[in-house]
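Data block below; observations after.
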Amino acid sequence: PCGYHGSTKKACLCSPHGMELYYKKLSGPILDRIDMHVRVKEVDLKKMTQQQSSGESSTVIRQRVLAAHHIQLQRYRTTPYTRNADINSKDVKKLFKISPSAQLLLAKGAARHRLSARGYFKVIKVAQTIADLDHQNIIAPHHLAEALQYRHY
């Protein structure tokens with residue numbers, strides 16, 4: 001509730017019970033509708049204002065995203081869909097290819113994280129998007145592992 005949980009600059013003053021009550025304000029069904037849960041560390045102002053960046057440039061990232069979008073447009077050209085997030089659960093099985101080892105990982109991950117049906121299919125859709133960014137037609141275990149980590153909250 002104080003906003004400093006996980007901060008390296010200021011101590012969180014909340015009790016464990018207070019944090020639990022705060023997180024319970026978001027119900028499971030609401031959280032289940034969010035595709036990706038990502039914890040983001042605070043930004044160091046000094047590092048943010050420096051010119052040099054060690055990561056990919058925005059131009060390179062944009063090109064990868066546009067290529068993935070093009071892959072999706074081609075995949076769905078004969079369907080009413082335009083992107084992975086739009087697909088209903090019954091069409092996921094028809095339109096996505098999941099390797100046998102990725103299917104095994106999905107089953108284990110779904111059980112371990114106690115995914116709902118909605119969460120299960122959201123993991124597959126996110127994994128397909130990761131595979132698209134990787135220019136792969138089949139969802140591999142590493143695509144699924146990354147997608148599963150985004151469901152953990």
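As shown in the structure tokens, the chain order sets the letters A, B, ...; within each chain, residues go from 1, and ligands are also counted from 1 in the order they appear.
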
Every residue of chain A that DSSP places in strand (DSSP E), as a ChimeraX atom specification: /A:97-98,138-139

How would the residues just chosen look if you wrote them out with C-alpha atoms as an mmCIF file, in the first residue's frame?
data_model
loop_
_atom_site.group_PDB
_atom_site.id
_atom_site.type_symbol
_atom_site.label_atom_id
_atom_site.label_comp_id
_atom_site.auth_asym_id
_atom_site.auth_seq_id
_atom_site.Cartn_x
_atom_site.Cartn_y
_atom_site.Cartn_z
ATOM 1 C CA LYS A 97 1.101 -25.780 -32.859
ATOM 2 C CA ILE A 98 2.665 -26.766 -29.554
ATOM 3 C CA ILE A 138 5.756 -24.089 -33.259
ATOM 4 C CA ILE A 139 5.587 -23.161 -29.582
#

If we count only C-alpha atoms, what is near His113 of chain A at a cut-off of 12 Å, once residues fewer than 6 positions away on the same chain are taken out, given as a VMD selection string? chain A and resid 32 105 to 107 119 to 120 123 148 to 153

Hey, what's within 12 Å of Leu104 of chain A if we count only C-alpha atoms and toss same-chain stuff fewer than 3 positions away? As JSON, numbers by chain, please? {"A": [98, 99, 100, 101, 107, 108, 109, 110, 111, 139, 140, 141, 144, 145]}

Write out as number ranges by chain each polymer residue whose atoms come within 8 Å of segment 71-87 of chain A, counting only C-alpha atoms; drop sequence neighbours fewer than 2 positions from it. A: 67-69, 89, 91-92, 95, 122, 125-126, 128-129, 132

Could you dump the residues just selected with N, CA, C and O atoms as an mmCIF file, in the first residue's frame?
data_model
loop_
_atom_site.group_PDB
_atom_site.id
_atom_site.type_symbol
_atom_site.label_atom_id
_atom_site.label_comp_id
_atom_site.auth_asym_id
_atom_site.auth_seq_id
_atom_site.Cartn_x
_atom_site.Cartn_y
_atom_site.Cartn_z
ATOM 1 N N ALA A 67 7.399 -7.505 -37.527
ATOM 2 C CA ALA A 67 7.538 -8.813 -38.178
ATOM 3 C C ALA A 67 6.595 -9.827 -37.526
ATOM 4 O O ALA A 67 5.938 -10.608 -38.220
ATOM 5 N N ALA A 68 6.509 -9.807 -36.194
ATOM 6 C CA ALA A 68 5.598 -10.716 -35.489
ATOM 7 C C ALA A 68 4.149 -10.395 -35.839
ATOM 8 O O ALA A 68 3.327 -11.310 -36.027
ATOM 9 N N HIS A 69 3.831 -9.121 -35.944
ATOM 10 C CA HIS A 69 2.470 -8.711 -36.329
ATOM 11 C C HIS A 69 2.143 -9.215 -37.737
ATOM 12 O O HIS A 69 1.033 -9.709 -37.992
ATOM 13 N N SER A 89 -10.873 -19.901 -27.095
ATOM 14 C CA SER A 89 -10.162 -21.092 -26.622
ATOM 15 C C SER A 89 -10.288 -22.297 -27.562
ATOM 16 O O SER A 89 -9.338 -23.052 -27.707
ATOM 17 N N ASP A 91 -10.479 -22.283 -30.803
ATOM 18 C CA ASP A 91 -9.643 -22.073 -31.990
ATOM 19 C C ASP A 91 -8.155 -22.092 -31.673
ATOM 20 O O ASP A 91 -7.344 -22.273 -32.570
ATOM 21 N N VAL A 92 -7.785 -21.920 -30.409
ATOM 22 C CA VAL A 92 -6.374 -21.996 -30.029
ATOM 23 C C VAL A 92 -5.815 -23.347 -30.450
ATOM 24 O O VAL A 92 -4.724 -23.440 -31.020
ATOM 25 N N LEU A 95 -5.375 -23.415 -34.338
ATOM 26 C CA LEU A 95 -4.468 -22.481 -34.998
ATOM 27 C C LEU A 95 -3.033 -22.489 -34.485
ATOM 28 O O LEU A 95 -2.137 -22.012 -35.179
ATOM 29 N N LYS A 122 -4.579 -18.202 -21.899
ATOM 30 C CA LYS A 122 -3.788 -16.966 -21.996
ATOM 31 C C LYS A 122 -2.299 -17.287 -22.067
ATOM 32 O O LYS A 122 -1.558 -16.647 -22.811
ATOM 33 N N LYS A 125 -1.551 -18.290 -25.615
ATOM 34 C CA LYS A 125 -1.549 -17.133 -26.521
ATOM 35 C C LYS A 125 -0.282 -16.299 -26.360
ATOM 36 O O LYS A 125 0.313 -15.847 -27.350
ATOM 37 N N VAL A 126 0.140 -16.087 -25.127
ATOM 38 C CA VAL A 126 1.379 -15.328 -24.888
ATOM 39 C C VAL A 126 2.569 -16.114 -25.432
ATOM 40 O O VAL A 126 3.469 -15.545 -26.061
ATOM 41 N N GLN A 128 2.563 -18.165 -27.919
ATOM 42 C CA GLN A 128 2.553 -18.047 -29.379
ATOM 43 C C GLN A 128 3.119 -16.703 -29.826
ATOM 44 O O GLN A 128 3.855 -16.616 -30.794
ATOM 45 N N THR A 129 2.797 -15.650 -29.094
ATOM 46 C CA THR A 129 3.351 -14.333 -29.427
ATOM 47 C C THR A 129 4.869 -14.331 -29.256
ATOM 48 O O THR A 129 5.589 -13.776 -30.087
ATOM 49 N N ASP A 132 6.244 -16.087 -32.159
ATOM 50 C CA ASP A 132 6.192 -15.208 -33.332
ATOM 51 C C ASP A 132 7.348 -14.216 -33.325
ATOM 52 O O ASP A 132 7.964 -13.950 -34.361
#

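Taking only C-alpha atoms into account, Asp35 of chain A lies nearest to A:Ala147 out of the set A:Lys94, A:Cys2, A:Ala147, A:Lys9.
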
Determine, counting only C-alpha atoms, which protein, DNA and RNA residues have an atom within 10 Å of an atom of segment 40-45 of chain A; residues of the same chain fewer than 5 positions away are not included. Present the result as a PyMOL selection string. chain A and resi 4+6-9+50

Mind the document's chain letters and residue numbers, and return as a JSON list (two decimals) with N, CA and C atoms, in the first residue's frame the residues of segment 16-125 of chain A that DSSP labels alpha helix (DSSP H).
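Printed below is out05.json as written:
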[["chain", "number", "residue", "atom", "x", "y", "z"],
["A", 16, "PRO", "N", 3.11, -7.53, 6.86],
["A", 16, "PRO", "CA", 2.72, -8.61, 5.95],
["A", 16, "PRO", "C", 1.20, -8.74, 5.83],
["A", 17, "HIS", "N", 0.49, -8.57, 6.95],
["A", 17, "HIS", "CA", -0.97, -8.64, 6.92],
["A", 17, "HIS", "C", -1.56, -7.50, 6.09],
["A", 18, "GLY", "N", -0.99, -6.31, 6.23],
["A", 18, "GLY", "CA", -1.46, -5.17, 5.44],
["A", 18, "GLY", "C", -1.25, -5.39, 3.95],
["A", 19, "MET", "N", -0.11, -5.98, 3.59],
["A", 19, "MET", "CA", 0.15, -6.26, 2.17],
["A", 19, "MET", "C", -0.81, -7.32, 1.65],
["A", 20, "GLU", "N", -1.09, -8.33, 2.47],
["A", 20, "GLU", "CA", -2.02, -9.38, 2.05],
["A", 20, "GLU", "C", -3.40, -8.80, 1.79],
["A", 21, "LEU", "N", -3.87, -7.93, 2.69],
["A", 21, "LEU", "CA", -5.18, -7.29, 2.50],
["A", 21, "LEU", "C", -5.19, -6.42, 1.24],
["A", 22, "TYR", "N", -4.09, -5.74, 0.99],
["A", 22, "TYR", "CA", -3.98, -4.88, -0.18],
["A", 22, "TYR", "C", -4.08, -5.70, -1.47],
["A", 23, "TYR", "N", -3.35, -6.82, -1.52],
["A", 23, "TYR", "CA", -3.37, -7.66, -2.73],
["A", 23, "TYR", "C", -4.72, -8.34, -2.91],
["A", 28, "GLY", "N", -9.23, -12.77, -7.85],
["A", 28, "GLY", "CA", -8.65, -13.74, -8.78],
["A", 28, "GLY", "C", -9.21, -13.61, -10.19],
["A", 29, "PRO", "N", -10.54, -13.51, -10.36],
["A", 29, "PRO", "CA", -11.09, -13.36, -11.71],
["A", 29, "PRO", "C", -10.61, -12.11, -12.44],
["A", 30, "ILE", "N", -10.38, -11.03, -11.70],
["A", 30, "ILE", "CA", -9.84, -9.82, -12.36],
["A", 30, "ILE", "C", -8.40, -10.06, -12.77],
["A", 31, "LEU", "N", -7.59, -10.59, -11.86],
["A", 31, "LEU", "CA", -6.18, -10.88, -12.18],
["A", 31, "LEU", "C", -6.08, -11.87, -13.33],
["A", 32, "ASP", "N", -7.02, -12.79, -13.40],
["A", 32, "ASP", "CA", -7.01, -13.81, -14.45],
["A", 32, "ASP", "C", -7.21, -13.22, -15.84],
["A", 45, "LEU", "N", 17.20, 7.35, -11.78],
["A", 45, "LEU", "CA", 17.17, 8.58, -12.58],
["A", 45, "LEU", "C", 18.50, 8.84, -13.26],
["A", 46, "LYS", "N", 19.59, 8.58, -12.57],
["A", 46, "LYS", "CA", 20.92, 8.82, -13.13],
["A", 46, "LYS", "C", 21.16, 7.95, -14.37],
["A", 47, "LYS", "N", 20.81, 6.67, -14.27],
["A", 47, "LYS", "CA", 20.99, 5.75, -15.39],
["A", 47, "LYS", "C", 20.03, 6.09, -16.53],
["A", 48, "MET", "N", 18.84, 6.53, -16.18],
["A", 48, "MET", "CA", 17.84, 6.84, -17.20],
["A", 48, "MET", "C", 18.27, 8.03, -18.07],
["A", 49, "THR", "N", 18.98, 8.98, -17.47],
["A", 49, "THR", "CA", 19.35, 10.17, -18.22],
["A", 49, "THR", "C", 20.66, 10.01, -19.00],
["A", 58, "SER", "N", 15.25, 0.96, -29.91],
["A", 58, "SER", "CA", 13.81, 0.96, -30.17],
["A", 58, "SER", "C", 13.51, 0.58, -31.61],
["A", 59, "THR", "N", 14.37, 0.97, -32.52],
["A", 59, "THR", "CA", 14.17, 0.64, -33.93],
["A", 59, "THR", "C", 14.23, -0.86, -34.17],
["A", 60, "VAL", "N", 15.18, -1.53, -33.55],
["A", 60, "VAL", "CA", 15.32, -2.98, -33.70],
["A", 60, "VAL", "C", 14.12, -3.69, -33.08],
["A", 61, "ILE", "N", 13.71, -3.25, -31.92],
["A", 61, "ILE", "CA", 12.56, -3.85, -31.25],
["A", 61, "ILE", "C", 11.29, -3.63, -32.08],
["A", 62, "ARG", "N", 11.14, -2.43, -32.61],
["A", 62, "ARG", "CA", 9.96, -2.12, -33.44],
["A", 62, "ARG", "C", 9.91, -3.04, -34.65],
["A", 63, "GLN", "N", 11.05, -3.30, -35.27],
["A", 63, "GLN", "CA", 11.09, -4.16, -36.45],
["A", 63, "GLN", "C", 10.68, -5.59, -36.10],
["A", 64, "ARG", "N", 11.14, -6.07, -34.93],
["A", 64, "ARG", "CA", 10.76, -7.42, -34.49],
["A", 64, "ARG", "C", 9.26, -7.50, -34.23],
["A", 65, "VAL", "N", 8.71, -6.46, -33.61],
["A", 65, "VAL", "CA", 7.27, -6.45, -33.31],
["A", 65, "VAL", "C", 6.47, -6.40, -34.61],
["A", 66, "LEU", "N", 6.90, -5.58, -35.56],
["A", 66, "LEU", "CA", 6.19, -5.50, -36.85],
["A", 66, "LEU", "C", 6.26, -6.83, -37.60],
["A", 67, "ALA", "N", 7.40, -7.50, -37.53],
["A", 67, "ALA", "CA", 7.54, -8.81, -38.18],
["A", 67, "ALA", "C", 6.59, -9.83, -37.53],
["A", 68, "ALA", "N", 6.51, -9.81, -36.19],
["A", 68, "ALA", "CA", 5.60, -10.72, -35.49],
["A", 68, "ALA", "C", 4.15, -10.39, -35.84],
["A", 69, "HIS", "N", 3.83, -9.12, -35.94],
["A", 69, "HIS", "CA", 2.47, -8.71, -36.33],
["A", 69, "HIS", "C", 2.14, -9.21, -37.74],
["A", 70, "HIS", "N", 3.10, -9.13, -38.63],
["A", 70, "HIS", "CA", 2.91, -9.62, -40.00],
["A", 70, "HIS", "C", 2.67, -11.14, -40.01],
["A", 71, "ILE", "N", 3.42, -11.86, -39.19],
["A", 71, "ILE", "CA", 3.23, -13.32, -39.07],
["A", 71, "ILE", "C", 1.80, -13.61, -38.63],
["A", 72, "GLN", "N", 1.32, -12.84, -37.66],
["A", 72, "GLN", "CA", -0.04, -13.06, -37.16],
["A", 72, "GLN", "C", -1.08, -12.72, -38.23],
["A", 73, "LEU", "N", -0.88, -11.64, -38.95],
["A", 73, "LEU", "CA", -1.82, -11.29, -40.01],
["A", 73, "LEU", "C", -1.90, -12.40, -41.06],
["A", 74, "GLN", "N", -0.75, -12.98, -41.40],
["A", 74, "GLN", "CA", -0.73, -14.09, -42.36],
["A", 74, "GLN", "C", -1.43, -15.33, -41.80],
["A", 75, "ARG", "N", -1.19, -15.63, -40.55],
["A", 75, "ARG", "CA", -1.80, -16.80, -39.90],
["A", 75, "ARG", "C", -3.32, -16.68, -39.90],
["A", 89, "SER", "N", -10.87, -19.90, -27.10],
["A", 89, "SER", "CA", -10.16, -21.09, -26.62],
["A", 89, "SER", "C", -10.29, -22.30, -27.56],
["A", 90, "LYS", "N", -11.43, -22.48, -28.20],
["A", 90, "LYS", "CA", -11.55, -23.66, -29.08],
["A", 90, "LYS", "C", -10.68, -23.50, -30.34],
["A", 91, "ASP", "N", -10.48, -22.28, -30.80],
["A", 91, "ASP", "CA", -9.64, -22.07, -31.99],
["A", 91, "ASP", "C", -8.16, -22.09, -31.67],
["A", 92, "VAL", "N", -7.79, -21.92, -30.41],
["A", 92, "VAL", "CA", -6.37, -22.00, -30.03],
["A", 92, "VAL", "C", -5.81, -23.35, -30.45],
["A", 93, "LYS", "N", -6.56, -24.41, -30.19],
["A", 93, "LYS", "CA", -6.11, -25.76, -30.53],
["A", 93, "LYS", "C", -5.98, -25.97, -32.04],
["A", 94, "LYS", "N", -6.81, -25.28, -32.79],
["A", 94, "LYS", "CA", -6.76, -25.41, -34.25],
["A", 94, "LYS", "C", -5.62, -24.61, -34.87],
["A", 95, "LEU", "N", -5.37, -23.42, -34.34],
["A", 95, "LEU", "CA", -4.47, -22.48, -35.00],
["A", 95, "LEU", "C", -3.03, -22.49, -34.48],
["A", 100, "PRO", "N", 5.43, -31.38, -28.45],
["A", 100, "PRO", "CA", 5.08, -32.31, -27.37],
["A", 100, "PRO", "C", 5.77, -31.97, -26.04],
["A", 101, "SER", "N", 7.02, -31.56, -26.10],
["A", 101, "SER", "CA", 7.72, -31.22, -24.85],
["A", 101, "SER", "C", 7.15, -29.94, -24.25],
["A", 102, "ALA", "N", 6.69, -29.01, -25.09],
["A", 102, "ALA", "CA", 6.05, -27.79, -24.58],
["A", 102, "ALA", "C", 4.69, -28.13, -23.98],
["A", 103, "GLN", "N", 3.98, -29.09, -24.57],
["A", 103, "GLN", "CA", 2.69, -29.51, -24.02],
["A", 103, "GLN", "C", 2.86, -30.11, -22.63],
["A", 104, "LEU", "N", 3.92, -30.89, -22.46],
["A", 104, "LEU", "CA", 4.22, -31.47, -21.15],
["A", 104, "LEU", "C", 4.52, -30.37, -20.13],
["A", 105, "LEU", "N", 5.32, -29.39, -20.53],
["A", 105, "LEU", "CA", 5.64, -28.27, -19.66],
["A", 105, "LEU", "C", 4.38, -27.48, -19.31],
["A", 106, "LEU", "N", 3.50, -27.30, -20.27],
["A", 106, "LEU", "CA", 2.24, -26.58, -20.04],
["A", 106, "LEU", "C", 1.38, -27.31, -19.00],
["A", 107, "ALA", "N", 1.29, -28.62, -19.14],
["A", 107, "ALA", "CA", 0.49, -29.40, -18.19],
["A", 107, "ALA", "C", 1.06, -29.28, -16.78],
["A", 108, "LYS", "N", 2.37, -29.38, -16.66],
["A", 108, "LYS", "CA", 3.02, -29.25, -15.35],
["A", 108, "LYS", "C", 2.85, -27.84, -14.79],
["A", 109, "GLY", "N", 3.06, -26.85, -15.65],
["A", 109, "GLY", "CA", 2.93, -25.45, -15.22],
["A", 109, "GLY", "C", 1.52, -25.10, -14.82],
["A", 110, "ALA", "N", 0.55, -25.62, -15.55],
["A", 110, "ALA", "CA", -0.86, -25.34, -15.25],
["A", 110, "ALA", "C", -1.23, -25.92, -13.89],
["A", 111, "ALA", "N", -0.73, -27.12, -13.62],
["A", 111, "ALA", "CA", -1.01, -27.75, -12.32],
["A", 111, "ALA", "C", -0.29, -27.01, -11.19],
["A", 112, "ARG", "N", 0.97, -26.70, -11.42],
["A", 112, "ARG", "CA", 1.77, -26.05, -10.38],
["A", 112, "ARG", "C", 1.23, -24.67, -10.02],
["A", 117, "ALA", "N", -9.03, -22.17, -16.51],
["A", 117, "ALA", "CA", -9.13, -22.40, -17.95],
["A", 117, "ALA", "C", -8.72, -21.14, -18.71],
["A", 118, "ARG", "N", -9.18, -19.99, -18.23],
["A", 118, "ARG", "CA", -8.83, -18.72, -18.89],
["A", 118, "ARG", "C", -7.32, -18.50, -18.83],
["A", 119, "GLY", "N", -6.72, -18.72, -17.67],
["A", 119, "GLY", "CA", -5.28, -18.54, -17.52],
["A", 119, "GLY", "C", -4.50, -19.51, -18.39],
["A", 120, "TYR", "N", -4.97, -20.74, -18.50],
["A", 120, "TYR", "CA", -4.34, -21.76, -19.34],
["A", 120, "TYR", "C", -4.23, -21.28, -20.79],
["A", 121, "PHE", "N", -5.34, -20.80, -21.32],
["A", 121, "PHE", "CA", -5.34, -20.36, -22.72],
["A", 121, "PHE", "C", -4.58, -19.05, -22.91],
["A", 122, "LYS", "N", -4.58, -18.20, -21.90],
["A", 122, "LYS", "CA", -3.79, -16.97, -22.00],
["A", 122, "LYS", "C", -2.30, -17.29, -22.07],
["A", 123, "VAL", "N", -1.86, -18.29, -21.31],
["A", 123, "VAL", "CA", -0.46, -18.70, -21.37],
["A", 123, "VAL", "C", -0.11, -19.16, -22.78],
["A", 124, "ILE", "N", -0.97, -19.93, -23.40],
["A", 124, "ILE", "CA", -0.71, -20.42, -24.76],
["A", 124, "ILE", "C", -0.64, -19.24, -25.74],
["A", 125, "LYS", "N", -1.55, -18.29, -25.61],
["A", 125, "LYS", "CA", -1.55, -17.13, -26.52],
["A", 125, "LYS", "C", -0.28, -16.30, -26.36]]

Counting only C-alpha atoms, which of A:Glu146, A:Arg114, A:Glu56, A:Lys25 gets nearest to His37 of chain A?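 For His37 of chain A, the nearest of the given residues is A:Glu146.
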
Could you tell me how far atom CA of Ser116 of chain A lies from atom CA of Arg33 of chain A, in Å and to one decimal? 10.5 Å

Would you work out the distance separating atom CA of Pro1 of chain A from atom CA of Arg39 of chain A, expressed in Å to one decimal? 15.3 Å

Rounded to one decimal place, report the atom CA of Ser57 of chain A-atom CA of Ile130 of chain A distance in Å.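 It comes out at 18.6 Å.
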